[in-house]
Amino acid sequence: MTSKTDGVYDRTPLIAGNWKMHMDHFQAVSLVQKLSWTLADHDHNFDEVQVAVFPPFTDLRSVQTLIMADKLELVYGAQDLSQHDAGAYTGDISGDFLGKLGCSYVLVGHSERRSVHGETDDLINAKVHAALRHELTPILCVGEGLDTRQANHHVSFTLEQLRAGLSGLEAEAVASLVIAYEPVWAIGTGEVAGPADAQEMGEAIRQAIAELFDTETASSTRVLYGGSVKADNVAAMMRQRDIDGVLVGGASLDDEEFANIVRFEHHLVTD
Ligand SMILES: O=C[C@H](O)COP(=O)(O)O
């Protein structure tokens, strides 16, 4: 069996920063520059640990221009997309446009989209399909609220979201996509799920994918944990066998803090 503490990973770790509705396009350029310099100072190897940022839509063109001009190895994505490819959908953004802006990833079904915008599992599934049509890798977000956790229904609830989100997909697509487990009660609250909680869900997600598709697919899909991740708690999460990375909100807005999260292997050695 591979050992994460020896720096051996079954899947390439992904550290993703979701900026939410923070950072205008001037601030975005500054943050990407500072983050890149800090990662360069750390001699970060992007082949070993992938780093992605998720700025607001209005920043994407500026981020693309900077990354192309400076040949940065950071990748980026959008926080949402439309289920439609084009048409009379005022305010919506097509996956086609995101692909043309060089996005690699797109978040789908973030809990804030589910709760603030009433996104249903069916809509989220349609968005996953839309992302794949435009060669964007969806990061499908799932996770339970506090009441569900307290009732001890968190696994069945989250797996229901997972199954609905993956409906109608081919195994090959599922193998390449990313699932983010984000317990809603741990988002922006300072409450972090315990590493054992994250592992319990990571394992349950992988098991469900094996049952829906096959074990090879399940062993390829990356599972992230999200919810109040900081530099001082990332290492414990990354030690968990079925956790392949983290989706970071607030702490991704600070280049030093985010770079220290990216550097989780350093904490694995020194913790
Ligand atoms: O997308 C990120 C998650 O919502 C976590 O946010 P947070 O790190 O601010 O708790």
# chains A, B, ... in the order shown; residues from 1 in each chain; ligands from 1

$ residues_near_ligand --ligand "ligand 1" --cutoff "8 Å" --atoms "only C-alpha atoms and all ligand atoms" --output "ChimeraX atom specification"
/A:17-20,110-112,182,184,186-190,226-230,247-252

$ select_by_dssp --residues "segment 89-167 of chain A" --states "alpha helix (DSSP H)" --output "VMD selection string"
chain A and resid 95 to 100 111 to 116 121 to 133 146 to 150 154 to 165

$ closest_residue --among "A:Thr58, A:Gly202, A:Val234, A:Arg11" --to "Ser176 of chain A" --atoms "only C-alpha atoms"
A:Arg11

$ select_by_dssp --residues "segment 202-234 of chain A" --states "strand (DSSP E or B)" --output "ChimeraX atom specification"
/A:222-226

$ closest_atom_pairs --of "segment 159-257 of chain A" --to "segment 127-146 of chain A" --cutoff "7 Å" --atoms "only C-alpha atoms" --output "Markdown table"
| residue | atom | partner | partner_atom | distance |
| --- | --- | --- | --- | --- |
| A:Gln161 | CA | A:Val142 | CA | 6.1 |
| A:Leu162 | CA | A:Val142 | CA | 6.5 |
| A:Leu177 | CA | A:Thr137 | CA | 5.6 |
| A:Val178 | CA | A:Ile139 | CA | 4.6 |
| A:Ile179 | CA | A:Leu140 | CA | 4.8 |
| A:Ala180 | CA | A:Cys141 | CA | 4.6 |
| A:Tyr181 | CA | A:Val142 | CA | 5.2 |
| A:Glu182 | CA | A:Gly143 | CA | 4.9 |
| A:Pro183 | CA | A:Gly143 | CA | 4.5 |
| A:Val184 | CA | A:Gly145 | CA | 4.9 |
| A:Trp185 | CA | A:Leu146 | CA | 5.3 |

$ write_last_selection --atoms "C-alpha atoms" --output "compact mmCIF listing (two decimals), in the first residue's frame"
# COMPACT_ATOMS: atom_id res chain seq x y z
CA GLN A 161 -26.50 13.98 -4.14
CA LEU A 162 -23.56 12.12 -5.65
CA LEU A 177 -13.87 14.29 -12.66
CA VAL A 178 -13.49 15.56 -9.12
CA ILE A 179 -15.91 15.26 -6.19
CA ALA A 180 -15.68 17.84 -3.40
CA TYR A 181 -17.15 16.77 -0.07
CA GLU A 182 -18.11 19.93 1.75
CA PRO A 183 -20.17 19.52 4.92
CA VAL A 184 -22.24 22.71 4.89
CA TRP A 185 -21.86 23.19 8.65
